[in-house]
$ cat start_11.cif   # mmCIF, C-alpha atoms
data_start
#
loop_
_atom_site.label_atom_id
_atom_site.label_comp_id
_atom_site.auth_asym_id
_atom_site.auth_seq_id
_atom_site.Cartn_x
_atom_site.Cartn_y
_atom_site.Cartn_z
CA MET A 1 0.00 0.00 0.00
CA SER A 2 1.34 3.46 -0.85
CA ASP A 3 2.14 5.96 1.88
CA LEU A 4 -0.63 8.22 0.62
CA ALA A 5 -3.23 5.42 0.85
CA LEU A 6 -2.03 4.64 4.40
CA TRP A 7 -2.34 8.30 5.45
CA GLY A 8 -5.82 8.43 3.92
CA MET A 9 -6.82 5.34 5.87
CA PHE A 10 -5.38 6.71 9.13
CA LEU A 11 -7.15 10.03 8.60
CA ALA A 12 -10.47 8.26 7.95
CA ILE A 13 -10.14 6.23 11.16
CA GLY A 14 -8.99 9.30 13.13
CA VAL A 15 -11.85 11.51 11.97
CA GLY A 16 -14.39 8.68 12.41
CA THR A 17 -13.17 7.97 15.94
CA PHE A 18 -13.35 11.66 16.84
CA ALA A 19 -16.92 11.84 15.50
CA ILE A 20 -17.89 8.81 17.63
CA ARG A 21 -16.31 10.35 20.75
CA LEU A 22 -17.95 13.72 20.15
CA SER A 23 -21.36 12.31 19.16
CA PHE A 24 -23.43 12.69 22.31
CA VAL A 25 -21.48 15.57 23.82
CA GLU A 26 -22.46 17.56 20.71
CA LEU A 27 -25.98 16.14 20.24
CA TYR A 28 -26.98 16.21 23.90
CA GLY A 29 -30.70 16.82 24.33
CA ARG A 30 -31.47 16.29 20.64
CA TRP A 31 -31.09 12.51 20.40
CA ARG A 32 -31.37 9.83 23.06
CA ILE A 33 -29.41 6.61 22.79
CA PRO A 34 -31.94 3.77 22.25
CA ASP A 35 -31.98 1.23 25.09
CA LEU A 36 -31.27 -1.80 22.90
CA LEU A 37 -28.23 -0.08 21.31
CA ASN A 38 -26.96 0.88 24.73
CA ARG A 39 -27.17 -2.75 25.89
CA ALA A 40 -25.63 -4.07 22.67
CA LEU A 41 -22.65 -1.69 23.00
CA LEU A 42 -21.76 -3.39 26.28
CA TYR A 43 -20.77 -6.53 24.33
CA VAL A 44 -18.78 -4.83 21.58
CA PRO A 45 -15.31 -4.96 23.21
CA ALA A 46 -15.53 -8.63 24.30
CA SER A 47 -16.90 -9.78 20.98
CA VAL A 48 -14.48 -7.83 18.78
CA LEU A 49 -11.39 -8.54 20.90
CA ALA A 50 -12.12 -12.29 20.92
CA ALA A 51 -12.81 -12.21 17.18
CA LEU A 52 -9.40 -10.59 16.67
CA ALA A 53 -7.39 -12.65 19.14
CA LEU A 54 -8.56 -16.18 18.35
CA PRO A 55 -7.82 -16.27 14.58
CA ALA A 56 -4.46 -14.56 15.18
CA VAL A 57 -3.57 -17.34 17.64
CA VAL A 58 -4.96 -20.26 15.62
CA TYR A 59 -3.65 -19.13 12.22
CA PRO A 60 -0.16 -17.63 12.70
CA ASN A 61 1.06 -15.26 9.96
CA GLY A 62 -2.28 -15.26 8.20
CA HIS A 63 -2.10 -18.88 6.93
CA ASN A 64 -5.66 -20.04 6.89
CA GLU A 65 -5.13 -23.63 7.86
CA PHE A 66 -5.20 -25.23 11.26
CA VAL A 67 -1.90 -26.77 12.41
CA LEU A 68 -1.96 -28.91 15.52
CA SER A 69 1.71 -28.31 16.35
CA ASN A 70 1.20 -24.49 16.40
CA PRO A 71 2.99 -23.41 19.61
CA GLN A 72 0.84 -20.24 19.82
CA ILE A 73 -2.20 -22.23 20.97
CA PRO A 74 -0.78 -23.64 24.24
CA ALA A 75 1.03 -20.31 24.84
CA ALA A 76 -2.25 -18.39 24.48
CA ILE A 77 -4.01 -20.77 26.90
CA VAL A 78 -1.26 -20.20 29.49
CA ALA A 79 -1.47 -16.41 28.94
CA ALA A 80 -5.27 -16.38 29.25
CA TRP A 81 -5.00 -18.28 32.53
CA VAL A 82 -2.47 -15.75 33.85
CA ALA A 83 -4.68 -12.85 32.72
CA TRP A 84 -7.65 -14.36 34.52
CA LYS A 85 -5.75 -15.10 37.74
CA THR A 86 -3.68 -11.93 38.04
CA ARG A 87 -5.45 -9.33 35.83
CA ASN A 88 -1.95 -8.01 35.27
CA THR A 89 -1.11 -6.83 31.74
CA ILE A 90 2.68 -6.95 31.98
CA LEU A 91 2.66 -10.41 33.57
CA THR A 92 0.24 -11.71 30.90
CA LEU A 93 2.47 -10.46 28.08
CA ALA A 94 5.68 -11.72 29.71
CA VAL A 95 4.36 -15.19 30.55
CA GLY A 96 2.67 -15.52 27.14
CA MET A 97 5.88 -14.68 25.25
CA ALA A 98 7.99 -16.93 27.52
CA ALA A 99 5.50 -19.78 27.00
CA LEU A 100 5.68 -19.31 23.21
CA TRP A 101 9.49 -19.49 23.23
CA ALA A 102 9.36 -22.57 25.51
CA PHE A 103 6.81 -24.40 23.32
CA LYS A 104 8.90 -23.57 20.23
CA LEU A 105 11.98 -25.18 21.79
CA ILE A 106 10.15 -28.41 22.55
CA PRO A 107 10.74 -30.59 19.46
CA SER A 108 7.49 -31.76 17.93
CA MET B 1 -14.20 15.41 47.00
CA GLN B 2 -14.89 19.11 46.34
CA HIS B 3 -12.08 21.02 44.67
CA ARG B 4 -11.32 24.64 45.49
CA SER B 5 -9.92 25.50 42.06
CA GLY B 6 -9.74 24.19 38.51
CA MET B 7 -5.99 23.61 38.87
CA GLU B 8 -6.45 21.55 42.03
CA ALA B 9 -9.10 19.42 40.30
CA PHE B 10 -6.83 18.98 37.26
CA MET B 11 -3.88 17.82 39.38
CA HIS B 12 -6.14 15.46 41.33
CA GLY B 13 -7.17 13.94 37.99
CA VAL B 14 -3.52 13.52 36.97
CA ARG B 15 -2.72 11.78 40.28
CA MET B 16 -5.70 9.41 39.88
CA LEU B 17 -4.52 8.36 36.41
CA LEU B 18 -0.90 7.58 37.36
CA PRO B 19 -1.58 4.15 38.96
CA LEU B 20 -3.20 3.02 35.71
CA THR B 21 -0.12 3.71 33.57
CA PRO B 22 1.61 0.31 34.13
CA GLY B 23 -1.33 -1.24 32.28
CA VAL B 24 -0.99 1.21 29.40
CA ILE B 25 2.77 1.42 28.79
CA PRO B 26 3.29 -2.19 27.54
CA PHE B 27 0.52 -1.74 24.93
CA GLY B 28 2.07 1.50 23.76
CA LEU B 29 5.53 -0.09 23.53
CA ILE B 30 4.21 -3.05 21.53
CA THR B 31 2.23 -0.78 19.21
CA GLY B 32 5.33 1.28 18.47
CA VAL B 33 7.60 -1.76 18.03
CA MET B 34 5.10 -3.55 15.76
CA ALA B 35 4.57 -0.54 13.51
CA ILE B 36 8.32 -0.16 12.98
CA GLU B 37 8.80 -3.92 12.41
CA MET B 38 6.09 -3.76 9.74
CA GLY B 39 8.18 -1.20 7.88
CA MET B 40 6.33 1.96 8.85
CA SER B 41 8.42 5.10 9.27
CA PRO B 42 8.66 6.67 12.75
CA GLY B 43 6.85 9.78 11.48
CA MET B 44 3.99 7.75 10.09
CA THR B 45 3.72 5.67 13.26
CA MET B 46 3.45 8.76 15.45
CA GLY B 47 1.02 10.37 12.98
CA MET B 48 -1.15 7.27 13.25
CA THR B 49 -0.92 7.38 17.05
CA LEU B 50 -1.93 11.06 17.18
CA LEU B 51 -4.82 10.62 14.71
CA PHE B 52 -6.24 7.45 16.29
CA TYR B 53 -5.48 8.00 19.96
CA SER B 54 -6.97 4.54 20.41
CA GLY B 55 -4.65 1.65 21.20
CA SER B 56 -7.01 -1.17 20.36
CA ALA B 57 -8.01 0.35 17.00
CA GLN B 58 -4.36 0.96 16.20
CA MET B 59 -3.37 -2.63 17.01
CA VAL B 60 -6.34 -3.88 15.00
CA ALA B 61 -5.26 -1.80 12.01
CA LEU B 62 -1.67 -3.09 12.32
CA GLN B 63 -2.80 -6.71 12.61
CA LEU B 64 -5.08 -6.36 9.54
CA LEU B 65 -2.39 -4.55 7.52
CA HIS B 66 -0.10 -7.46 8.41
CA ASN B 67 -2.74 -9.86 6.97
CA GLY B 68 -3.09 -7.76 3.81
CA VAL B 69 -6.75 -6.87 4.35
CA LEU B 70 -8.48 -4.22 2.17
CA PRO B 71 -8.19 -0.64 3.52
CA VAL B 72 -11.98 -0.13 3.59
CA ALA B 73 -12.39 -3.23 5.76
CA ILE B 74 -9.64 -1.96 8.08
CA VAL B 75 -11.43 1.40 8.50
CA VAL B 76 -14.77 -0.34 9.21
CA THR B 77 -13.23 -2.76 11.73
CA ALA B 78 -11.30 -0.05 13.57
CA LEU B 79 -14.44 2.10 13.83
CA ILE B 80 -16.48 -0.89 15.07
CA ILE B 81 -14.00 -1.45 17.89
CA ASN B 82 -14.30 2.25 18.75
CA LEU B 83 -18.10 2.20 18.84
CA ARG B 84 -17.84 1.74 22.61
CA PHE B 85 -16.97 5.46 22.79
CA ILE B 86 -20.62 6.21 21.93
CA MET B 87 -21.48 4.82 25.36
CA TYR B 88 -18.84 6.97 27.06
CA SER B 89 -19.86 10.05 25.08
CA ALA B 90 -23.49 9.55 26.11
CA SER B 91 -22.59 9.13 29.76
CA PHE B 92 -20.37 12.25 29.86
CA ALA B 93 -22.64 14.44 27.70
CA PRO B 94 -24.82 15.75 30.57
CA HIS B 95 -21.66 16.98 32.37
CA LEU B 96 -19.77 18.44 29.39
CA HIS B 97 -22.32 19.66 26.84
CA HIS B 98 -22.78 23.12 28.44
CA LEU B 99 -19.07 23.94 27.92
CA PRO B 100 -17.85 25.91 24.88
CA ARG B 101 -16.42 24.01 21.90
CA ARG B 102 -12.84 24.94 22.80
CA TRP B 103 -13.45 22.57 25.74
CA THR B 104 -15.78 19.92 24.32
CA TRP B 105 -13.84 19.17 21.12
CA PRO B 106 -10.44 18.55 22.75
CA MET B 107 -12.12 16.75 25.67
CA SER B 108 -13.93 14.46 23.20
CA TYR B 109 -10.70 13.70 21.32
CA LEU B 110 -9.10 12.78 24.66
CA LEU B 111 -11.87 10.38 25.71
CA SER B 112 -10.37 7.01 26.72
CA ASP B 113 -11.34 3.82 28.52
CA GLN B 114 -9.19 4.86 31.47
CA SER B 115 -10.67 8.35 31.85
CA PHE B 116 -14.14 6.87 31.54
CA ALA B 117 -13.39 4.33 34.25
CA LEU B 118 -12.06 7.07 36.57
CA CYS B 119 -14.74 9.71 35.96
CA SER B 120 -18.08 8.09 35.09
CA LEU B 121 -19.09 7.20 38.65
CA LYS B 122 -17.72 10.44 40.10
CA PHE B 123 -19.59 12.53 37.51
CA SER B 124 -22.93 10.85 38.12
CA SER B 125 -22.63 10.94 41.92
CA GLY B 126 -22.09 14.71 41.68
CA GLU B 127 -19.11 14.59 44.06
CA LEU B 128 -16.88 16.44 41.57
CA GLY B 129 -18.83 19.66 41.87
CA ARG B 130 -18.27 22.59 39.53
CA PHE B 131 -14.65 21.68 38.69
CA GLY B 132 -15.60 18.21 37.41
CA HIS B 133 -14.45 18.90 33.87
CA HIS B 134 -11.06 20.04 35.16
CA PHE B 135 -10.72 16.73 37.01
CA TYR B 136 -11.67 14.88 33.83
CA ALA B 137 -9.18 16.96 31.81
CA GLY B 138 -6.43 15.97 34.28
CA THR B 139 -7.07 12.25 33.82
CA ALA B 140 -7.45 12.67 30.04
CA VAL B 141 -4.29 14.73 29.44
CA ALA B 142 -2.17 12.45 31.66
CA MET B 143 -3.49 9.39 29.82
CA TRP B 144 -2.78 10.99 26.45
CA LEU B 145 0.82 11.77 27.43
CA ALA B 146 1.37 8.26 28.84
CA TRP B 147 0.12 6.72 25.60
CA GLN B 148 2.00 8.96 23.16
CA LEU B 149 5.27 8.65 25.09
CA SER B 150 5.06 4.86 25.39
CA VAL B 151 4.40 4.46 21.65
CA LEU B 152 7.35 6.79 21.01
CA ALA B 153 9.53 4.61 23.26
CA GLY B 154 8.39 1.57 21.26
CA VAL B 155 9.29 3.34 18.00
CA VAL B 156 12.80 4.03 19.33
CA LEU B 157 13.21 0.41 20.54
CA GLY B 158 11.54 -1.09 17.47
CA ALA B 159 14.40 -1.43 15.05
CA SER B 160 16.66 -3.16 17.58
CA ILE B 161 14.38 -6.15 18.26
CA PRO B 162 15.22 -9.27 16.19
CA GLU B 163 12.61 -11.16 14.15
CA SER B 164 13.33 -14.45 15.97
CA TRP B 165 11.60 -13.11 19.11
CA SER B 166 8.21 -13.74 17.40
CA LEU B 167 7.00 -10.42 18.74
CA SER B 168 3.98 -10.43 16.40
CA PHE B 169 2.42 -12.83 18.94
CA ALA B 170 2.36 -9.90 21.38
CA ILE B 171 -0.63 -8.40 19.53
CA PRO B 172 -3.08 -11.30 20.09
CA LEU B 173 -1.60 -11.56 23.60
CA SER B 174 -2.47 -7.89 24.23
CA PHE B 175 -6.02 -8.56 23.03
CA LEU B 176 -6.22 -11.45 25.52
CA ALA B 177 -4.85 -9.26 28.32
CA LEU B 178 -7.57 -6.68 27.58
CA LEU B 179 -10.32 -9.27 27.11
CA VAL B 180 -9.93 -11.87 29.84
CA PRO B 181 -10.16 -9.64 32.95
CA ASN B 182 -13.39 -8.15 31.54
CA LEU B 183 -15.25 -11.47 31.32
CA ARG B 184 -17.32 -10.61 34.37
CA SER B 185 -20.68 -12.11 33.38
CA ALA B 186 -22.06 -15.10 31.49
CA ALA B 187 -23.38 -12.75 28.80
CA ILE B 188 -19.97 -11.12 28.22
CA LEU B 189 -18.30 -14.55 28.20
CA GLY B 190 -20.91 -15.74 25.68
CA ALA B 191 -20.25 -12.73 23.44
CA ALA B 192 -16.50 -13.48 23.51
CA VAL B 193 -16.89 -17.24 22.86
CA VAL B 194 -19.34 -16.78 19.98
CA GLY B 195 -17.34 -13.89 18.48
CA GLY B 196 -14.07 -15.84 18.70
CA LEU B 197 -15.49 -19.08 17.26
CA ILE B 198 -17.22 -17.41 14.30
CA ALA B 199 -14.03 -15.48 13.55
CA VAL B 200 -11.98 -18.71 13.45
CA LEU B 201 -14.57 -20.57 11.32
CA ALA B 202 -15.19 -17.65 8.93
CA PHE B 203 -11.51 -16.67 8.59
CA LYS B 204 -11.45 -17.62 4.90
CA MET B 205 -14.24 -15.20 3.98
CA PRO B 206 -13.08 -12.37 1.69
CA TYR B 207 -12.66 -8.70 2.64
CA ASN B 208 -12.35 -9.51 6.32
CA LEU B 209 -16.12 -10.08 6.42
CA GLY B 210 -15.52 -12.92 8.87
CA LEU B 211 -14.47 -10.43 11.55
CA VAL B 212 -17.49 -8.19 11.02
CA LEU B 213 -19.81 -11.22 11.02
CA ALA B 214 -18.13 -12.56 14.18
CA SER B 215 -18.38 -9.21 15.99
CA ILE B 216 -22.09 -8.89 15.24
CA GLY B 217 -22.71 -12.56 16.13
CA GLY B 218 -20.94 -12.12 19.46
CA ILE B 219 -22.92 -8.96 20.30
CA ILE B 220 -26.22 -10.70 19.50
CA ALA B 221 -25.19 -13.67 21.63
CA GLY B 222 -24.43 -11.34 24.55
CA VAL B 223 -27.79 -9.57 24.35
CA LEU B 224 -29.67 -12.91 24.01
CA ILE B 225 -27.92 -14.45 27.02
CA GLU B 226 -28.62 -11.31 29.08
CA ASN B 227 -32.33 -11.53 28.14
CA THR B 228 -32.58 -15.25 28.93
CA ARG B 229 -30.92 -14.85 32.31
CA LYS B 230 -33.11 -11.89 33.19
CA ASN B 231 -36.25 -13.88 32.32
CA THR B 232 -35.15 -16.94 34.29
CA PHE B 233 -34.43 -14.73 37.26
CA LYS B 234 -37.82 -13.05 36.94
CA ASN B 235 -39.59 -16.44 36.72
CA MET B 236 -37.72 -17.80 39.74
CA HIS B 237 -38.67 -14.70 41.63
CA THR B 238 -42.39 -14.92 40.79
CA ASP B 239 -42.32 -18.66 41.69
CA ASP B 240 -41.01 -17.76 45.13
CA VAL B 241 -43.65 -15.12 45.58
CA GLU B 242 -46.41 -17.54 44.55
CA ARG B 243 -45.09 -20.24 46.88
CA GLY B 244 -44.92 -17.69 49.68
CA ALA B 245 -48.53 -16.69 49.00
CA ARG B 246 -49.72 -20.28 49.26
#
$ encode --input "start_11.cif" --output "structure tokens"
Amino acid sequence: MSDLALWGMFLAIGVGTFAIRLSFVELYGRWRIPDLLNRALLYVPASVLAALALPAVVYPNGHNEFVLSNPQIPAAIVAAWVAWKTRNTILTLAVGMAALWAFKLIPS
Amino acid sequence: MQHRSGMEAFMHGVRMLLPLTPGVIPFGLITGVMAIEMGMSPGMTMGMTLLFYSGSAQMVALQLLHNGVLPVAIVVTALIINLRFIMYSASFAPHLHHLPRRWTWPMSYLLSDQSFALCSLKFSSGELGRFGHHFYAGTAVAMWLAWQLSVLAGVVLGASIPESWSLSFAIPLSFLALLVPNLRSAAILGAAVVGGLIAVLAFKMPYNLGLVLASIGGIIAGVLIENTRKNTFKNMHTDDVERGAR
């Protein structure tokens, strides 16, 4: 992708994100957020984050086939367990990366 | 806590944000390192960081660029992940809308998960008083600085990290670190499980449609589970009342 196309894309996301953030502060009193939308928004982060994380773990480097010996899968399970137990970002990242390196060293 | 001046409220906001920075800095570092490893120039990386000011959207865009997804699909996906800001905007609107635009526009740009977490309850309880927006500005400006500086540190580090470290795995790991501690209810867990499974199964769909489909599927699953549980609870409750009446 050319640099110009990248800048255009970044600008579109930046302006769109600003519009989303400003939305109700600017429109206050003129439009009420519908109840169903408000409830649905609660599930956006969990749904999108899982939809991003799982394929990236299961299919490393964008290959769209499932490989059983993929060391990212056990490493991600270990990291998820650490995230659940400790709720600590740095620890989750450190243990997850260490687990990946360890599972890569184990000959399969 | 009532503040005596705008400056005092602002500094109080800054102090409240500081303990949250250890959770932010690693994401910023990884974002900076990843962008450089993917061949982006330092200027472009920082431009992206300033324009987005949204770590998750930025990591999403990097991950999708890495997979060679169409630009339009990247824009749509990044904006979907940022839709949560509608919720924050709506909850802050009653406390900010009366201010002039030289306040509301920068304050909206600076809206973040962390500032929302720190301010939403305090705003609605009314404990912030008339310097509430100064307090908010303190948390928001401190968060902005923490984020920009940590991405910059990642950009500086970036070039010196060898490929063999498999650092691209840090992106899905960051998503897990954001996701897992937030699985506080069956409905949220359901949204994550359904979203994740559809995304894996529909990965081969063109134009990144699998991700959009998965996100919507997960959201619907969350709302449905919430409804079912509410109804079961209501039924159990009426059963008890009826039994009590007999």
$ atom_distance --input "start_11.cif" --atom1 "atom CA of A:Ala56" --atom2 "atom CA of B:Met38"
16.0 Å
$ resolve_selection --input "start_11.cif" --expression "the PyMOL selection byres ((chain A) within 8 of (chain B))" --output "PyMOL selection string"
chain A and resi 7+9-18+20-26+28+33+38-58+61-62+64+72+76+79-80+83-84+87-90+92-93+96-97+101
$ atom_distance --input "start_11.cif" --atom1 "atom CA of B:His133" --atom2 "atom CA of B:Val151"
26.7 Å
$ residues_near_point --input "start_11.cif" --point "(-11.8, 28.2, 42.1)" --cutoff "12 Å" --atoms "all atoms listed in the file" --output "PyMOL selection string"
chain B and resi 2-10+129-132+134
$ atom_distance --input "start_11.cif" --atom1 "atom CA of A:Leu6" --atom2 "atom CA of B:Ser160"
24.2 Å
